[in-house]
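Source file: coords-v6.tsv. Holds: TSV, C-alpha atoms.
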chain	number	residue	atom	x	y	z
A	25	MET	CA	0.00	0.00	0.00
A	26	MET	CA	1.26	3.49	-0.87
A	27	PRO	CA	2.13	5.88	1.95
A	28	ARG	CA	-0.26	8.78	2.38
A	29	VAL	CA	0.33	12.42	3.28
A	30	THR	CA	-2.21	14.80	4.75
A	31	THR	CA	-1.73	18.01	2.80
A	32	LYS	CA	-2.52	21.58	3.72
A	33	CYS	CA	-4.62	22.27	0.63
A	34	PHE	CA	-5.61	19.01	-1.04
A	35	GLY	CA	-6.69	16.61	1.69
A	36	GLU	CA	-4.99	13.21	1.79
A	37	LEU	CA	-2.82	12.13	-1.12
A	38	ASP	CA	-1.05	8.86	-1.82
A	39	TYR	CA	2.57	9.27	-2.81
A	40	SER	CA	5.34	6.96	-3.85
A	41	PRO	CA	8.74	6.96	-2.10
A	42	GLU	CA	10.26	7.88	-5.49
A	43	GLY	CA	8.46	11.22	-5.26
A	44	VAL	CA	10.01	12.29	-1.96
A	45	PHE	CA	12.70	14.99	-1.98
A	46	ASP	CA	15.30	15.14	0.75
A	47	PHE	CA	16.27	18.58	2.09
A	48	PRO	CA	19.18	17.58	4.33
A	49	TYR	CA	19.40	21.04	5.92
A	50	GLY	CA	15.67	21.79	5.91
A	51	LEU	CA	14.87	25.38	4.92
A	52	PRO	CA	15.64	28.57	6.86
A	53	GLY	CA	12.81	28.84	9.39
A	54	PHE	CA	11.89	25.18	8.83
A	55	GLU	CA	15.13	23.45	9.72
A	56	ALA	CA	13.38	20.28	10.91
A	57	GLU	CA	11.47	19.73	7.65
A	58	ASN	CA	13.65	17.39	5.63
A	59	ALA	CA	11.18	15.56	3.40
A	60	PHE	CA	8.87	17.18	0.87
A	61	VAL	CA	6.68	16.08	-2.01
A	62	PHE	CA	5.82	18.25	-5.00
A	63	ILE	CA	2.19	18.50	-6.06
A	64	GLU	CA	0.49	19.98	-9.11
A	65	GLN	CA	-3.18	20.55	-9.65
A	66	PRO	CA	-4.45	20.70	-13.23
A	67	SER	CA	-6.22	24.03	-12.79
A	68	THR	CA	-3.20	25.94	-11.46
A	69	HIS	CA	-0.31	25.19	-13.82
A	70	PRO	CA	2.51	26.20	-13.68
A	71	LEU	CA	2.29	26.50	-9.89
A	72	ILE	CA	3.74	23.64	-7.89
A	73	PHE	CA	3.10	22.96	-4.24
A	74	MET	CA	5.88	21.82	-1.95
A	75	GLN	CA	4.32	19.94	0.94
A	76	SER	CA	6.22	18.79	4.04
A	77	LEU	CA	5.68	15.14	4.89
A	78	SER	CA	6.04	15.73	8.63
A	79	ARG	CA	3.96	18.89	9.10
A	80	GLN	CA	0.63	19.30	7.37
A	81	ASP	CA	0.65	23.09	7.81
A	82	VAL	CA	3.98	23.53	6.01
A	83	CYS	CA	3.31	23.94	2.30
A	84	PHE	CA	4.84	26.41	-0.12
A	85	VAL	CA	3.59	27.61	-3.49
A	86	LEU	CA	6.37	27.59	-6.07
A	87	LEU	CA	6.75	28.87	-9.57
A	88	PRO	CA	9.40	27.75	-12.07
A	89	VAL	CA	11.91	30.55	-11.84
A	90	LEU	CA	11.74	31.46	-15.52
A	91	ALA	CA	7.99	31.99	-15.21
A	92	ALA	CA	8.69	34.63	-12.57
A	93	GLU	CA	11.72	36.20	-14.27
A	94	GLN	CA	12.55	35.21	-17.83
A	95	ALA	CA	16.14	36.46	-17.66
A	96	TYR	CA	16.96	34.74	-14.37
A	97	GLN	CA	20.49	33.43	-14.06
A	98	LEU	CA	21.11	30.89	-11.33
A	99	CYS	CA	24.61	30.89	-9.89
A	100	LEU	CA	25.38	27.92	-7.65
A	101	SER	CA	28.36	28.09	-5.31
A	102	ASP	CA	30.62	25.07	-4.86
A	103	GLU	CA	28.99	24.53	-1.43
A	104	ASP	CA	25.55	24.48	-3.07
A	105	LEU	CA	26.74	22.07	-5.78
A	106	LEU	CA	28.26	19.67	-3.27
A	107	ALA	CA	25.10	19.77	-1.12
A	108	LEU	CA	23.16	18.81	-4.27
A	109	HIS	CA	25.66	16.01	-5.05
A	110	PHE	CA	27.08	17.69	-8.14
A	111	PRO	CA	30.84	18.14	-8.62
A	112	ALA	CA	32.26	21.52	-7.60
A	113	GLY	CA	32.56	23.84	-10.58
A	114	SER	CA	29.88	22.06	-12.64
A	115	GLN	CA	26.92	23.85	-14.17
A	116	PRO	CA	23.90	21.54	-14.04
A	117	GLN	CA	21.28	22.22	-16.66
A	118	MET	CA	17.97	23.75	-15.59
A	119	GLY	CA	15.00	21.56	-16.40
A	120	LYS	CA	17.17	18.53	-17.16
A	121	GLU	CA	19.36	18.01	-14.12
A	122	ILE	CA	17.91	20.56	-11.74
A	123	LEU	CA	14.58	22.18	-11.06
A	124	CYS	CA	14.84	25.79	-9.95
A	125	ALA	CA	11.64	27.21	-8.54
A	126	VAL	CA	10.84	30.25	-6.44
A	127	MET	CA	8.49	30.57	-3.50
A	128	VAL	CA	5.51	32.79	-4.04
A	129	CYS	CA	4.01	34.91	-1.27
A	130	ALA	CA	0.32	35.71	-1.73
A	131	PRO	CA	-0.83	39.27	-1.08
A	132	ASP	CA	-1.89	40.41	2.37
A	133	GLY	CA	-2.45	43.71	4.18
A	134	GLN	CA	1.21	44.71	4.05
A	135	ARG	CA	1.88	43.42	0.57
A	136	PRO	CA	-0.72	44.43	-1.98
A	137	GLN	CA	0.52	42.21	-4.78
A	138	PRO	CA	2.03	38.74	-4.87
A	139	THR	CA	5.79	38.49	-4.78
A	140	ALA	CA	8.30	35.81	-5.74
A	141	ASN	CA	11.43	35.13	-3.73
A	142	LEU	CA	14.17	35.29	-6.37
A	143	PHE	CA	16.76	35.72	-3.58
A	144	ALA	CA	16.38	32.18	-2.23
A	145	PRO	CA	15.20	29.79	-4.98
A	146	VAL	CA	14.51	26.15	-4.21
A	147	VAL	CA	16.94	24.07	-6.28
A	148	VAL	CA	16.62	20.29	-6.53
A	149	ASN	CA	18.75	17.63	-8.12
A	150	ILE	CA	16.03	15.89	-10.14
A	151	ARG	CA	17.74	12.52	-10.43
A	152	GLN	CA	18.91	12.23	-6.83
A	153	ARG	CA	15.93	14.06	-5.36
A	154	ILE	CA	17.98	16.30	-3.06
A	155	GLY	CA	17.05	19.91	-2.50
A	156	ILE	CA	18.39	23.13	-0.99
A	157	GLN	CA	17.54	26.79	-0.96
A	158	ALA	CA	20.40	28.47	-2.81
A	159	ILE	CA	20.98	32.11	-1.84
A	160	GLN	CA	21.30	34.48	-4.82
A	161	THR	CA	22.24	37.86	-3.39
A	162	ARG	CA	21.88	39.62	-6.75
A	163	TYR	CA	18.12	39.10	-6.70
A	164	SER	CA	15.24	40.40	-4.59
A	165	PRO	CA	13.36	38.34	-2.01
A	166	ARG	CA	10.21	40.29	-2.92
A	167	HIS	CA	10.08	40.43	-6.69
A	168	PRO	CA	6.59	41.63	-7.69
A	169	LEU	CA	4.62	39.28	-9.93
A	170	VAL	CA	3.23	41.57	-12.59
A	171	SER	CA	-0.27	40.82	-13.78
A	172	ASN	CA	0.36	41.25	-17.49
A	173	HIS	CA	3.18	38.73	-17.35
A	174	ARG	CA	1.77	35.93	-19.47
A	175	PRO	CA	4.51	33.99	-21.18
A	176	ALA	CA	3.14	32.09	-24.16
A	177	GLU	CA	5.39	29.24	-23.31
A	178	VAL	CA	7.22	28.67	-20.06
A	179	ALA	CA	10.65	27.29	-20.72
A	180	ALA	CA	11.58	24.21	-18.76
A	181	CYS	CA	12.03	25.61	-15.26
B	16	MET	CA	27.14	53.52	8.34
B	17	LEU	CA	30.37	53.52	10.28
B	18	VAL	CA	33.26	52.45	8.07
B	19	MET	CA	36.46	51.05	9.58
B	20	ARG	CA	39.61	49.73	7.95
B	21	ARG	CA	41.22	46.68	9.56
B	22	ARG	CA	44.03	44.34	8.62
B	23	ALA	CA	44.13	40.59	9.24
B	24	GLY	CA	44.81	39.99	12.92
B	25	GLU	CA	43.18	43.27	14.00
B	26	SER	CA	39.83	43.44	15.69
B	27	PHE	CA	37.18	45.85	16.88
B	28	LEU	CA	34.70	45.95	19.73
B	29	ILE	CA	30.96	46.54	19.78
B	30	GLY	CA	29.98	47.66	23.26
B	31	GLU	CA	31.74	45.98	26.15
B	32	SER	CA	31.19	42.34	25.31
B	33	ILE	CA	31.34	41.80	21.55
B	34	GLU	CA	34.62	41.47	19.70
B	35	ILE	CA	35.04	40.88	15.99
B	36	GLU	CA	38.46	39.91	14.67
B	37	VAL	CA	39.56	39.79	11.05
B	38	LEU	CA	41.28	36.40	10.90
B	39	GLU	CA	42.17	35.99	7.25
B	40	ILE	CA	41.64	37.77	3.96
B	41	PHE	CA	41.79	35.86	0.71
B	42	GLY	CA	40.79	37.63	-2.51
B	43	THR	CA	37.16	38.65	-2.19
B	44	ARG	CA	36.55	36.70	1.01
B	45	VAL	CA	37.13	37.56	4.62
B	46	LYS	CA	37.20	35.16	7.55
B	47	LEU	CA	35.96	36.75	10.78
B	48	GLY	CA	36.07	35.53	14.35
B	49	ILE	CA	33.30	36.69	16.67
B	50	VAL	CA	33.29	36.66	20.46
B	51	ALA	CA	29.90	37.48	21.98
B	52	PRO	CA	27.71	36.48	24.92
B	53	ASP	CA	25.49	33.41	24.42
B	54	SER	CA	22.44	35.66	24.56
B	55	VAL	CA	23.42	37.45	21.34
B	56	LEU	CA	22.05	35.83	18.19
B	57	ILE	CA	24.60	35.81	15.39
B	58	GLN	CA	23.43	34.83	11.93
B	59	ARG	CA	24.22	35.37	8.30
B	60	LYS	CA	22.03	38.19	7.04
B	61	GLU	CA	20.93	36.29	3.93
B	62	ILE	CA	19.70	33.37	6.06
B	63	LYS	CA	17.65	35.77	8.19
B	64	ILE	CA	16.10	37.28	5.03
B	65	ALA	CA	15.35	33.80	3.66
B	66	ARG	CA	13.85	32.68	6.98
B	67	ASP	CA	11.54	35.71	7.24
B	68	GLU	CA	10.36	35.24	3.65
B	69	ASN	CA	9.87	31.49	4.09
B	70	LEU	CA	7.73	31.98	7.20
B	71	LYS	CA	5.64	34.60	5.44
B	72	ALA	CA	5.28	32.52	2.28
B	73	ALA	CA	4.17	29.45	4.25
B	74	ARG	CA	1.55	31.47	6.12
B	75	SER	CA	0.21	32.94	2.87
B	76	VAL	CA	-0.68	29.54	1.36
B	77	ARG	CA	-4.45	29.27	1.51
B	78	GLN	CA	-6.82	28.00	-1.17
B	79	PRO	CA	-8.49	31.37	-1.93
B	80	ASN	CA	-5.08	32.95	-2.49
B	81	ILE	CA	-3.97	30.35	-4.95
B	82	SER	CA	-6.46	31.12	-7.69
B	83	SER	CA	-5.49	34.79	-7.54
B	84	LEU	CA	-1.87	33.77	-8.11
B	85	VAL	CA	-2.78	31.81	-11.22
B	86	ASN	CA	-4.29	34.96	-12.68
B	87	ARG	CA	-0.87	36.56	-12.36
B	88	VAL	CA	1.26	33.94	-13.99
B	89	GLY	CA	-0.74	31.40	-15.85
B	90	PRO	CA	-2.05	29.54	-17.51
B	91	ALA	CA	0.98	27.62	-18.65
B	92	GLU	CA	2.29	24.15	-19.25
B	93	SER	CA	2.58	21.66	-16.41
B	94	VAL	CA	6.05	21.53	-14.86
B	95	LYS	CA	5.78	17.77	-14.68
B	96	LYS	CA	5.43	17.62	-18.46
B	97	LEU	CA	8.45	19.84	-19.04
B	98	THR	CA	10.82	17.92	-16.79
B	99	ASP	CA	11.23	14.37	-15.60
B	100	ILE	CA	10.64	15.41	-12.03
B	101	PRO	CA	8.29	13.20	-10.01
B	102	ILE	CA	5.33	15.38	-9.04
B	103	LEU	CA	2.03	14.22	-7.57
B	104	THR	CA	-1.09	15.36	-9.36
B	105	THR	CA	-4.33	16.13	-7.56
B	106	LYS	CA	-7.68	15.27	-9.02
B	107	CYS	CA	-9.45	18.19	-10.67
B	108	THR	CA	-10.70	20.72	-8.16

Represent the structure contained in this file as structure tokens.
Amino acid sequence: MMPRVTTKCFGELDYSPEGVFDFPYGLPGFEAENAFVFIEQPSTHPLIFMQSLSRQDVCFVLLPVLAAEQAYQLCLSDEDLLALHFPAGSQPQMGKEILCAVMVCAPDGQRPQPTANLFAPVVVNIRQRIGIQAIQTRYSPRHPLVSNHRPAEVAAC
Amino acid sequence: MLVMRRRAGESFLIGESIEIEVLEIFGTRVKLGIVAPDSVLIQRKEIKIARDENLKAARSVRQPNISSLVNRVGPAESVKKLTDIPILTTKCT
């Protein structure tokens, strides 16, 4: 029988162990959350949901980075590469070897429009299913998502 | 902002109980040593920024908010289709 996760937004979902991503260091603010699954729902492409397996209330909404900023350039340090099990100095290919996605913050009283965190993208090694948040100091943690931004085709993450 | 020039091996004090020493300088990187009371939280600034944003982002995830986000970015192709990444799919909602 497949294991089951109780999600924040979608009730209970069966998942396979091959769909679990290991975040060995957790995430800043969520250091104890080491296992996540990614979820899509057909009506909200290209959003992806990153749900913690150990805490139902910990779920992030992510957007492939190029959907938030078409000219985004990811720069991984040797420490980041080693944490992701890539050789130091390598440049893994987005969409093929790594998924790079940014957390989206929905609007609230203080923030009138949604923002994307380009400063700390979630980067995962697709094959080995290991993830980190890779700090990119050149980019803003509160990049506004502009409403007329409608790419005809979102390049592969 | 107060600006101070220091060489490797020199240090400066903040108040009575915090000392910051420049240990080594190599190219664009500096290695610092910090002596401070246990009660003082010392953290990399970028980790603090990431933590604050992560906490806020996690709190903002609620079903009514999600559809408003789609209006901003979508509709677009499924990420699962574009990559080989294993992603669960919910039933239509």

For this session: Tell me, as a ChimeraX atom specification, which residues lie within 8 Å of segment 70-75 of chain B, counting all atoms listed in the file; anything in the same chain fewer than 3 positions away does not count.
Result: /A:53,82-85,127-132 /B:66-67,80

Please report as CSV every residue of chain A lying within 6 Å of chain B, along with the nearest atom pair and their distance in Å (one decimal), using only C-alpha atoms.
residue,atom,partner,partner_atom,distance
A:Gly43,CA,B:Pro101,CA,5.1
A:Pro52,CA,B:Arg66,CA,4.5
A:Gly53,CA,B:Arg66,CA,4.7
A:Phe62,CA,B:Ile102,CA,5.0
A:Ile63,CA,B:Leu103,CA,4.5
A:Glu64,CA,B:Thr104,CA,4.9
A:Gln65,CA,B:Thr105,CA,5.0
A:Thr68,CA,B:Val85,CA,5.9
A:His69,CA,B:Ser93,CA,5.2
A:Pro70,CA,B:Ser93,CA,5.3
A:Cys83,CA,B:Ala73,CA,5.9
A:Phe84,CA,B:Ala73,CA,5.4
A:Gly119,CA,B:Thr98,CA,5.6
A:Cys129,CA,B:Ala72,CA,4.5
A:Ala130,CA,B:Ser75,CA,5.4
A:Ile150,CA,B:Ile100,CA,5.7
A:Ser171,CA,B:Arg87,CA,4.5
A:Arg174,CA,B:Val88,CA,5.9
A:Ala180,CA,B:Leu97,CA,5.4

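Distance-wise, atom CA of Asp38 of chain A and atom CA of Ala91 of chain A end up 28.2 Å apart.
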
For this session: For Ile156 of chain A, list every protein, DNA or RNA residue within 12 Å, evaluated using all atoms listed in the file, and leave out those in the same chain fewer than 2 positions away; present the list as JSON, numbers by chain.
Result: {"A": [45, 46, 47, 48, 49, 50, 51, 52, 54, 55, 57, 58, 59, 60, 100, 101, 103, 104, 105, 106, 107, 108, 109, 122, 123, 124, 125, 126, 144, 145, 146, 147, 148, 149, 150, 153, 154, 158, 159]}

Exercise. Separation of atom CA of Thr43 of chain B and atom CA of Thr161 of chain A, in Å?
Worked result: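 Value for the atom CA of Thr43 of chain B-atom CA of Thr161 of chain A distance: 15.0 Å.
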
Exercise. Which protein, DNA or RNA residues have an atom at most 7 Å from (28.8, 38.9, 20.9), counting only C-alpha atoms? List them as number ranges by chain.
Worked result: B: 32-34, 49-52, 55

For this session: Considering only C-alpha atoms, state which residue in the set A:Val44, A:Pro136, A:Ser78, A:Phe73 is at the smallest distance from Thr30 of chain A.
Result: A:Ser78

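Summary of the local environment: counting all atoms listed in the file, residues at most 8 Å from segment 17-23 of chain B, other than itself and those fewer than 6 positions away along its chain, are B:Glu36, B:Val37, B:Leu38, B:Glu39, B:Ile40.
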
For this session: Would you mind telling me which residue in A:Pro111, A:Met74, A:Cys99, A:Ala140 lies nearest to Gly155 of chain A when using only C-alpha atoms?
Result: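 Counting only C-alpha atoms, the residue closest to Gly155 of chain A is A:Met74.
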
Exercise. So which residues touch segment 165-169 of chain A within 6 Å, counting all atoms listed in the file, skipping near sequence neighbours fewer than 4 positions away, as a ChimeraX atom specification?
Worked result: /A:138-143
